[in-house]
file target.cif (mmCIF, C-alpha atoms and all ligand atoms)
data_model
loop_
_atom_site.label_atom_id
_atom_site.label_comp_id
_atom_site.auth_asym_id
_atom_site.auth_seq_id
_atom_site.Cartn_x
_atom_site.Cartn_y
_atom_site.Cartn_z
CA MET A 1 -13.42 -36.41 -5.25
CA ALA A 2 -10.82 -34.18 -6.83
CA LYS A 3 -8.19 -32.91 -4.46
CA ILE A 4 -8.24 -29.23 -3.42
CA TYR A 5 -4.92 -27.48 -2.82
CA SER A 6 -5.03 -24.28 -0.78
CA ALA A 7 -2.91 -21.65 0.95
CA SER A 8 -3.86 -18.71 3.16
CA THR A 9 -2.11 -15.52 4.10
CA THR A 10 -2.68 -12.07 5.53
CA ALA A 11 -1.24 -8.83 4.19
CA PRO A 12 -0.97 -5.52 6.03
CA VAL A 13 -1.65 -2.06 4.67
CA ASN A 14 1.10 0.44 3.96
CA ILE A 15 0.80 4.22 4.13
CA ALA A 16 3.15 6.22 1.93
CA THR A 17 5.30 8.96 3.42
CA LEU A 18 6.67 9.86 -0.04
CA LYS A 19 3.73 9.52 -2.39
CA TYR A 20 3.37 7.57 -5.62
CA TRP A 21 1.27 9.72 -7.94
CA GLY A 22 1.51 9.28 -11.71
CA LYS A 23 2.15 6.39 -14.10
CA ARG A 24 4.51 6.32 -17.04
CA ASP A 25 2.88 3.04 -18.17
CA THR A 26 -0.73 2.42 -17.21
CA LYS A 27 -0.78 -1.23 -18.23
CA LEU A 28 2.26 -2.28 -16.21
CA ASN A 29 1.62 0.28 -13.43
CA LEU A 30 5.06 1.82 -13.84
CA PRO A 31 5.29 5.00 -11.76
CA THR A 32 6.67 8.41 -12.67
CA ASN A 33 8.49 8.58 -9.32
CA SER A 34 9.87 6.34 -6.63
CA SER A 35 7.98 6.26 -3.32
CA ILE A 36 8.45 5.30 0.33
CA SER A 37 5.98 3.84 2.83
CA VAL A 38 5.65 2.32 6.27
CA THR A 39 3.89 -1.02 6.58
CA LEU A 40 1.42 -0.88 9.45
CA SER A 41 0.39 -3.55 11.85
CA GLN A 42 -2.94 -3.17 13.46
CA ASP A 43 -5.45 -5.89 14.21
CA ASP A 44 -8.16 -4.17 12.23
CA LEU A 45 -6.08 -3.30 9.17
CA ARG A 46 -5.32 -6.32 7.09
CA THR A 47 -6.57 -8.52 4.30
CA PHE A 48 -6.94 -12.25 4.82
CA THR A 49 -6.86 -14.27 1.61
CA THR A 50 -7.17 -17.96 0.79
CA ALA A 51 -6.34 -19.28 -2.68
CA ALA A 52 -7.41 -22.77 -3.72
CA ALA A 53 -6.83 -24.78 -6.91
CA SER A 54 -8.54 -27.97 -8.03
CA GLU A 55 -9.15 -29.96 -11.15
CA ALA A 56 -12.83 -29.84 -10.14
CA PHE A 57 -13.12 -26.02 -10.36
CA THR A 58 -14.68 -24.85 -13.60
CA LYS A 59 -13.72 -21.17 -13.59
CA ASP A 60 -11.45 -18.73 -11.80
CA THR A 61 -13.56 -17.06 -9.11
CA LEU A 62 -12.79 -14.30 -6.62
CA TRP A 63 -14.95 -13.42 -3.62
CA LEU A 64 -14.13 -10.07 -2.05
CA ASN A 65 -15.82 -9.55 1.32
CA GLY A 66 -18.40 -12.16 0.35
CA THR A 67 -19.25 -10.69 -3.07
CA GLU A 68 -18.16 -12.32 -6.31
CA GLU A 69 -15.83 -10.00 -8.25
CA SER A 70 -14.49 -10.16 -11.77
CA VAL A 71 -11.16 -11.89 -12.29
CA THR A 72 -11.08 -10.89 -15.93
CA GLY A 73 -10.09 -7.27 -15.26
CA ALA A 74 -6.66 -6.38 -16.62
CA ARG A 75 -5.09 -6.00 -13.16
CA THR A 76 -6.15 -9.33 -11.67
CA SER A 77 -5.58 -11.15 -14.98
CA ALA A 78 -2.03 -9.81 -15.19
CA CYS A 79 -1.23 -11.11 -11.68
CA LEU A 80 -2.79 -14.54 -12.32
CA ALA A 81 -1.03 -14.95 -15.68
CA GLU A 82 2.41 -14.17 -14.22
CA LEU A 83 1.93 -16.48 -11.24
CA ARG A 84 0.69 -19.32 -13.46
CA ALA A 85 3.66 -18.92 -15.79
CA LEU A 86 6.06 -19.23 -12.84
CA ARG A 87 4.24 -22.34 -11.59
CA LYS A 88 4.30 -23.79 -15.11
CA SER A 89 8.08 -23.51 -15.27
CA LEU A 90 8.34 -25.43 -11.96
CA GLU A 91 6.05 -28.14 -13.34
CA ASP A 92 8.08 -28.34 -16.57
CA ALA A 93 11.23 -28.85 -14.52
CA ASP A 94 9.61 -31.44 -12.24
CA PRO A 95 6.80 -33.44 -13.91
CA SER A 96 5.94 -35.16 -10.61
CA LEU A 97 4.38 -31.89 -9.37
CA PRO A 98 0.59 -31.63 -9.57
CA PRO A 99 -0.35 -29.47 -12.59
CA LEU A 100 -1.78 -26.60 -10.53
CA SER A 101 -0.99 -24.13 -13.31
CA THR A 102 -3.74 -25.76 -15.39
CA TYR A 103 -6.36 -25.76 -12.59
CA LYS A 104 -8.86 -22.97 -12.05
CA LEU A 105 -8.49 -20.89 -8.89
CA HIS A 106 -10.96 -19.99 -6.16
CA ILE A 107 -9.82 -16.96 -4.17
CA VAL A 108 -11.55 -15.70 -1.04
CA SER A 109 -10.43 -12.34 0.30
CA GLU A 110 -11.70 -10.51 3.39
CA ASN A 111 -10.69 -7.02 4.51
CA ASN A 112 -11.15 -6.48 8.20
CA PHE A 113 -10.60 -2.72 8.00
CA PRO A 114 -13.18 -0.49 9.54
CA THR A 115 -15.17 -0.10 6.32
CA ALA A 116 -15.42 3.58 7.03
CA ALA A 117 -11.67 4.08 6.83
CA GLY A 118 -11.29 3.33 3.13
CA LEU A 119 -7.57 2.96 3.63
CA ALA A 120 -5.14 1.38 1.22
CA SER A 121 -7.45 -1.56 0.56
CA SER A 122 -6.09 -2.30 -2.91
CA ALA A 123 -2.55 -2.38 -1.52
CA ALA A 124 -3.23 -5.03 1.10
CA GLY A 125 -5.66 -6.82 -1.23
CA PHE A 126 -3.29 -7.40 -4.14
CA ALA A 127 -0.34 -8.13 -1.85
CA ALA A 128 -2.36 -10.86 -0.13
CA LEU A 129 -3.66 -12.25 -3.43
CA VAL A 130 -0.18 -12.55 -4.91
CA ARG A 131 1.35 -13.98 -1.74
CA ALA A 132 -1.47 -16.55 -1.26
CA ILE A 133 -1.19 -17.84 -4.84
CA ALA A 134 2.62 -17.84 -4.71
CA ASP A 135 2.40 -19.97 -1.55
CA LEU A 136 -0.21 -22.26 -3.09
CA TYR A 137 2.10 -22.77 -6.10
CA GLU A 138 5.12 -23.12 -3.79
CA LEU A 139 7.02 -20.55 -5.84
CA PRO A 140 10.62 -19.90 -4.80
CA GLN A 141 10.47 -16.22 -5.84
CA SER A 142 11.59 -13.60 -3.30
CA ALA A 143 9.32 -10.87 -1.92
CA GLU A 144 11.11 -8.44 -4.25
CA GLU A 145 10.23 -10.56 -7.28
CA LEU A 146 6.64 -11.00 -6.10
CA SER A 147 6.38 -7.25 -5.59
CA ARG A 148 6.76 -6.78 -9.36
CA ILE A 149 3.68 -8.93 -9.84
CA ALA A 150 1.63 -7.23 -7.08
CA ARG A 151 2.54 -3.86 -8.62
CA GLN A 152 0.54 -4.79 -11.70
CA GLY A 153 -2.54 -5.30 -9.51
CA SER A 154 -2.20 -1.93 -7.79
CA GLY A 155 0.97 0.13 -7.71
CA SER A 156 1.05 0.64 -3.96
CA ALA A 157 0.48 -3.11 -3.37
CA CYS A 158 4.11 -3.85 -4.22
CA ARG A 159 5.14 -2.16 -0.96
CA SER A 160 2.87 -4.37 1.19
CA LEU A 161 4.97 -7.46 0.40
CA PHE A 162 7.52 -6.13 2.87
CA GLY A 163 7.32 -5.16 6.51
CA GLY A 164 8.99 -2.15 8.08
CA TYR A 165 10.09 0.79 5.94
CA VAL A 166 9.79 0.18 2.24
CA ALA A 167 10.86 1.87 -1.00
CA TRP A 168 9.27 1.29 -4.37
CA GLU A 169 12.07 2.00 -6.83
CA MET A 170 10.49 3.29 -10.02
CA GLY A 171 13.05 1.57 -12.28
CA GLU A 172 13.98 2.60 -15.80
CA LYS A 173 13.21 -0.37 -18.01
CA GLU A 174 10.21 -0.39 -20.30
CA ASP A 175 9.22 -3.93 -19.33
CA GLY A 176 9.06 -2.94 -15.65
CA SER A 177 11.50 -5.63 -14.58
CA ASP A 178 13.37 -3.17 -12.35
CA SER A 179 10.28 -1.45 -10.88
CA ARG A 180 9.88 -3.20 -7.56
CA ALA A 181 9.78 -2.78 -3.80
CA VAL A 182 12.82 -3.13 -1.55
CA GLN A 183 13.07 -2.89 2.21
CA ILE A 184 14.90 0.16 3.57
CA ALA A 185 14.76 -0.96 7.21
CA THR A 186 12.90 -3.59 9.21
CA GLU A 187 10.26 -2.89 11.84
CA THR A 188 12.82 -3.66 14.56
CA ASP A 189 15.38 -1.19 13.16
CA TRP A 190 13.12 1.68 14.23
CA PRO A 191 10.64 0.03 16.57
CA ASP A 192 9.26 3.05 18.41
CA MET A 193 7.49 4.49 15.36
CA ARG A 194 3.71 4.62 15.83
CA ALA A 195 0.80 5.58 13.62
CA ALA A 196 -2.76 6.66 14.33
CA ILE A 197 -5.44 6.38 11.71
CA LEU A 198 -8.07 9.08 11.97
CA VAL A 199 -11.31 8.44 10.19
CA VAL A 200 -12.47 11.82 8.94
CA SER A 201 -15.09 10.58 6.52
CA ALA A 202 -16.68 7.27 5.71
CA LYS A 203 -17.71 8.40 2.23
CA LYS A 204 -16.21 6.68 -0.79
CA LYS A 205 -13.78 9.01 -2.58
CA GLU A 206 -15.14 10.75 -5.65
CA THR A 207 -12.03 10.34 -7.81
CA SER A 208 -10.16 7.03 -7.71
CA SER A 209 -6.38 7.15 -7.33
CA THR A 210 -5.94 5.69 -10.81
CA THR A 211 -8.06 8.41 -12.45
CA GLY A 212 -6.79 11.23 -10.24
CA MET A 213 -3.13 10.51 -10.91
CA GLN A 214 -3.67 10.35 -14.65
CA THR A 215 -5.41 13.72 -14.62
CA THR A 216 -2.51 15.19 -12.66
CA ALA A 217 0.18 13.65 -14.87
CA LYS A 218 -1.53 14.97 -18.00
CA THR A 219 -2.50 18.44 -16.86
CA SER A 220 -0.54 19.76 -13.87
CA PRO A 221 2.38 22.08 -14.68
CA LEU A 222 3.74 21.58 -11.15
CA PHE A 223 3.78 17.81 -11.56
CA LYS A 224 6.87 17.81 -13.80
CA HIS A 225 8.85 19.76 -11.21
CA ARG A 226 7.68 17.36 -8.50
CA VAL A 227 8.73 14.17 -10.25
CA GLU A 228 11.94 15.49 -11.79
CA VAL A 229 13.34 17.68 -9.04
CA VAL A 230 11.55 17.32 -5.70
CA VAL A 231 10.94 13.60 -5.28
CA PRO A 232 14.41 12.32 -6.28
CA GLU A 233 16.00 14.52 -3.61
CA ARG A 234 13.34 13.69 -1.00
CA PHE A 235 13.77 9.99 -1.71
CA LYS A 236 17.44 10.15 -0.72
CA VAL A 237 16.92 12.31 2.36
CA MET A 238 13.90 10.35 3.62
CA SER A 239 15.66 7.00 3.17
CA LYS A 240 18.59 8.33 5.18
CA SER A 241 16.30 9.73 7.90
CA ILE A 242 14.83 6.25 8.34
CA LEU A 243 18.25 4.63 8.61
CA ASP A 244 19.35 7.37 11.05
CA LYS A 245 16.06 7.19 13.03
CA ASP A 246 15.85 10.94 12.54
CA PHE A 247 12.18 11.65 13.23
CA GLU A 248 12.55 15.42 12.78
CA THR A 249 13.61 15.03 9.13
CA PHE A 250 11.33 12.08 8.47
CA GLY A 251 8.32 13.96 9.86
CA GLN A 252 9.08 17.24 8.05
CA LEU A 253 9.39 15.45 4.72
CA THR A 254 6.30 13.31 5.30
CA MET A 255 4.16 16.41 5.86
CA ALA A 256 5.78 18.33 3.01
CA ASP A 257 5.21 15.46 0.62
CA SER A 258 1.57 14.98 1.60
CA ASN A 259 1.06 18.70 1.05
CA GLN A 260 2.78 18.67 -2.32
CA PHE A 261 0.81 15.64 -3.46
CA HIS A 262 -2.44 17.48 -2.63
CA ALA A 263 -1.04 20.62 -4.28
CA VAL A 264 -0.48 18.83 -7.61
CA CYS A 265 -4.01 17.44 -7.29
CA LEU A 266 -5.34 20.98 -6.97
CA ASP A 267 -3.08 22.03 -9.87
CA SER A 268 -4.80 19.46 -12.13
CA SER A 269 -7.51 20.26 -14.63
CA PRO A 270 -10.20 19.65 -13.51
CA PRO A 271 -8.80 20.02 -9.98
CA VAL A 272 -8.92 16.93 -7.80
CA PHE A 273 -9.84 17.39 -4.11
CA TYR A 274 -9.28 14.73 -1.52
CA MET A 275 -9.04 16.61 1.78
CA ASN A 276 -11.95 18.35 3.50
CA ASP A 277 -12.26 20.95 6.27
CA VAL A 278 -11.68 18.39 9.00
CA SER A 279 -8.51 17.20 7.24
CA ARG A 280 -7.30 20.79 7.12
CA ASN A 281 -8.12 21.21 10.84
CA VAL A 282 -5.95 18.19 11.59
CA ILE A 283 -3.10 19.79 9.62
CA SER A 284 -3.44 23.10 11.48
CA LEU A 285 -3.51 21.38 14.85
CA ILE A 286 -0.45 19.28 14.19
CA GLU A 287 1.40 22.31 12.86
CA LYS A 288 0.47 24.20 16.08
CA VAL A 289 1.49 21.34 18.36
CA ASN A 290 4.83 21.02 16.56
CA ASN A 291 5.36 24.76 16.69
CA LEU A 292 4.64 24.95 20.42
CA ALA A 293 6.91 22.02 21.12
CA GLY A 294 9.66 23.46 18.92
CA ARG A 295 10.12 20.06 17.25
CA VAL A 296 8.19 17.58 15.13
CA VAL A 297 6.05 15.71 17.64
CA ALA A 298 3.77 14.23 14.98
CA ALA A 299 3.61 14.14 11.18
CA TYR A 300 0.38 13.98 9.21
CA THR A 301 -0.16 12.42 5.83
CA PHE A 302 -3.27 12.08 3.64
CA ASP A 303 -3.76 9.70 0.72
CA ALA A 304 -6.45 10.00 -1.94
CA GLY A 305 -9.12 10.77 0.64
CA PRO A 306 -9.79 12.95 3.70
CA ASN A 307 -8.63 10.47 6.36
CA ALA A 308 -5.46 11.32 8.25
CA VAL A 309 -2.62 9.07 9.25
CA LEU A 310 -0.32 10.47 11.94
CA TYR A 311 3.18 9.20 12.50
CA TYR A 312 4.85 9.84 15.87
CA LEU A 313 7.26 8.21 18.29
CA GLU A 314 5.97 6.06 21.12
CA LYS A 315 7.27 8.47 23.78
CA ASP A 316 5.05 11.22 22.36
CA GLU A 317 1.86 9.20 22.23
CA PRO A 318 0.29 10.83 25.33
CA ILE A 319 0.85 14.34 23.89
CA VAL A 320 -0.28 13.49 20.38
CA LEU A 321 -3.37 11.52 21.23
CA GLY A 322 -4.24 13.55 24.33
CA LEU A 323 -4.13 16.96 22.66
CA LEU A 324 -5.79 15.88 19.45
CA LYS A 325 -8.52 13.97 21.17
CA ALA A 326 -9.30 17.04 23.24
CA ALA A 327 -9.35 19.24 20.14
CA LEU A 328 -11.24 16.89 17.84
CA PRO A 329 -13.43 14.72 20.07
CA ASP A 330 -15.77 13.69 17.25
CA LEU A 331 -13.12 12.03 15.10
CA ASP A 332 -13.30 8.30 14.90
CA GLY A 333 -10.18 6.24 15.06
CA TRP A 334 -8.35 7.32 18.17
CA GLN A 335 -8.29 3.66 19.03
CA ASN A 336 -6.75 2.84 15.62
CA LYS A 337 -3.19 2.93 16.85
CA ALA A 338 -0.77 0.97 14.74
CA THR A 339 2.81 -0.17 15.05
CA VAL A 340 5.22 -0.92 12.22
CA SER A 341 4.50 -4.35 10.80
CA ALA A 342 6.71 -7.29 9.96
CA ALA A 343 6.70 -8.78 6.47
CA VAL A 344 3.75 -10.69 5.03
CA PRO A 345 4.00 -14.10 6.65
CA ASP A 346 4.49 -17.09 4.40
CA GLY A 347 1.18 -18.87 4.17
CA VAL A 348 0.77 -22.54 4.84
CA SER A 349 -0.04 -24.70 1.84
CA GLU A 350 -2.26 -27.60 2.51
CA ASP A 351 -3.89 -30.31 0.49
CA MET A 352 -7.44 -31.33 1.21
C1 LIG R 401 -2.10 8.46 -2.81
O1 LIG R 401 -1.74 2.24 -5.70
O2 LIG R 401 -4.15 2.88 -5.33
O3 LIG R 401 -2.08 6.26 -1.89
O4 LIG R 401 -1.68 1.81 -9.01
O5 LIG R 401 -3.76 2.89 -9.84
O6 LIG R 401 -3.91 1.06 -8.13
P1 LIG R 401 -3.10 2.23 -8.69
O7 LIG R 401 -3.04 3.33 -7.54
P2 LIG R 401 -2.84 3.17 -5.99
O8 LIG R 401 -2.41 4.68 -5.62
C2 LIG R 401 -1.95 5.03 -4.35
C3 LIG R 401 -1.79 6.50 -4.28
C4 LIG R 401 -1.50 7.06 -2.91
C5 LIG R 401 0.00 7.22 -2.68
C6 LIG R 401 0.80 5.99 -2.35
O9 LIG R 401 0.26 5.01 -1.77
O10 LIG R 401 2.01 6.02 -2.63
#
call {"tool": "encode", "arguments": {"input": "target.cif", "output": "structure tokens", "more": "lines below"}}
Ligand code: DP6
result
Amino acid sequence: MAKIYSASTTAPVNIATLKYWGKRDTKLNLPTNSSISVTLSQDDLRTFTTAAASEAFTKDTLWLNGTEESVTGARTSACLAELRALRKSLEDADPSLPPLSTYKLHIVSENNFPTAAGLASSAAGFAALVRAIADLYELPQSAEELSRIARQGSGSACRSLFGGYVAWEMGEKEDGSDSRAVQIATETDWPDMRAAILVVSAKKKETSSTTGMQTTAKTSPLFKHRVEVVVPERFKVMSKSILDKDFETFGQLTMADSNQFHAVCLDSSPPVFYMNDVSRNVISLIEKVNNLAGRVVAAYTFDAGPNAVLYYLEKDEPIVLGLLKAALPDLDGWQNKATVSAAVPDGVSEDM
């Protein structure tokens, strides 16, 4: 029987505090602005992926949550091609290595997110896929180098290769070689950061991120101001606030950036809506709580959907969760408390 080589890994989700929204190159997923995120660790928020290669496999196959998915799409194909090319160069240098680059792949990927949450699934998914295959191929590439590959699967996935506080530097080169994720700080540098994931709606979003951001980039007059003036300044100040553990500044900017991201969505033609009335209630409540406290107790952020992620410091957890739970008892997800995650663990390669 032909030998099967395999490697498994898990990848966490990341939730942006300075949003990626807009591509300057849709094929390479090169963004129009740099972004910042926090990688979250929570038992119910990760993708588990196993990649296997064997001479006996007849075609590349991907099973996502038990359903066979296409591997011929541009995004997955781009990741597989890059990883195979890196493996091939190892095999060329050392002919005693098994020729895994010529074998077909079987990839099994499971998300254990509450399906209702619809949170950052492509980010964790592509990060896990790239890491599992890189481990299977025993590639020496760093997380930063792998992030350039994951980026081609889904832009935000490049940030899930790192734990802690992560920047995706947009880069300048046309080939995307300098558009990759770097770590700003580790999870232990600012360990008392917490997040709560509030499930506002289980419905699938009507406009995908990919489509929504293209509409905005093409049609929103505010968008140009955002990417040229607002984000570059915010990127510097937010990075510094993380290094200084300055929650006041970090929280203010996180909320302001979520609001501006949704503002450029509304400024698009046709307008793109992601938040609903419950989302807006969460915003009003947090603003009130912060106002009453005279400081930023919690910061909200919303991605391309109505679900809220709140960032706060551990010491404020009783206030944040207590008050909000009392005000919004029907929201799901009060139990979805997350801490800041470590990096994607290296998977274990094994031969069978
Ligand atoms: C609002 O990374 O899902 O979550 O690159 O087209 O796959 P593609 O888009 P994706 O967009 C994420 C958008 C966002 C903001 C962010 O995560 O930075």
call {"tool": "atom_distance", "arguments": {"input": "target.cif", "atom1": "atom CA of A:Leu266", "atom2": "atom CA of A:Ser220"}}
result
8.5 Å
call {"tool": "residues_around", "arguments": {"input": "target.cif", "residues": "A:Thr67", "least_positions_apart": "2", "cutoff": "10 Å", "atoms": "all atoms listed in the file", "output": "VMD selection string"}}
result
chain A and resid 62 to 65 69 to 70 108 to 110
call {"tool": "residues_near_ligand", "arguments": {"input": "target.cif", "ligand": "ligand LIG 401 (chain R)", "cutoff": "10 Å", "atoms": "only C-alpha atoms and all ligand atoms", "output": "ChimeraX atom specification"}}
result
/A:13-23,26-31,33-37,75,119-123,126,150-159,167-168,208-214,258,261-262,274,301-305
call {"tool": "closest_residue", "arguments": {"input": "target.cif", "among": "A:Gln141, A:Ala196, A:Leu97, A:Phe57", "to": "A:Ala2", "atoms": "all atoms listed in the file"}}
result
A:Phe57
call {"tool": "closest_residue", "arguments": {"input": "target.cif", "among": "A:Lys3, A:Arg131, A:Lys205, A:Arg46", "to": "A:Phe273", "atoms": "only C-alpha atoms"}}
result
A:Lys205
call {"tool": "closest_residue", "arguments": {"input": "target.cif", "among": "A:Ala338, A:Leu40, A:Val296, A:Val227", "to": "A:Leu161", "atoms": "only C-alpha atoms"}}
result
A:Leu40
call {"tool": "closest_residue", "arguments": {"input": "target.cif", "among": "A:Val282, A:Leu129, A:Val199, A:Leu100", "to": "A:Thr49", "atoms": "only C-alpha atoms"}}
result
A:Leu129
call {"tool": "closest_residue", "arguments": {"input": "target.cif", "among": "A:Ser77, A:Ser8, A:Ser142, A:Ser41", "to": "A:Arg194", "atoms": "all atoms listed in the file"}}
result
A:Ser41
call {"tool": "decode", "arguments": {"input": "target.cif", "residues": "stretch 170-182 of chain A", "atoms": "C-alpha atoms", "output": "compact mmCIF listing (two decimals), in the first residue's frame"}}
result
# COMPACT_ATOMS: atom_id res chain seq x y z
CA MET A 170 0.02 46.51 2.79
CA GLY A 171 3.41 46.69 1.03
CA GLU A 172 4.19 48.60 -2.14
CA LYS A 173 5.44 46.04 -4.63
CA GLU A 174 3.29 44.90 -7.51
CA ASP A 175 4.16 41.23 -6.99
CA GLY A 176 2.94 41.40 -3.37
CA SER A 177 6.24 40.16 -1.96
CA ASP A 178 6.18 42.83 0.75
CA SER A 179 2.46 42.51 1.63
CA ARG A 180 2.54 40.29 4.68
CA ALA A 181 1.65 39.99 8.34
CA VAL A 182 4.04 40.85 11.17
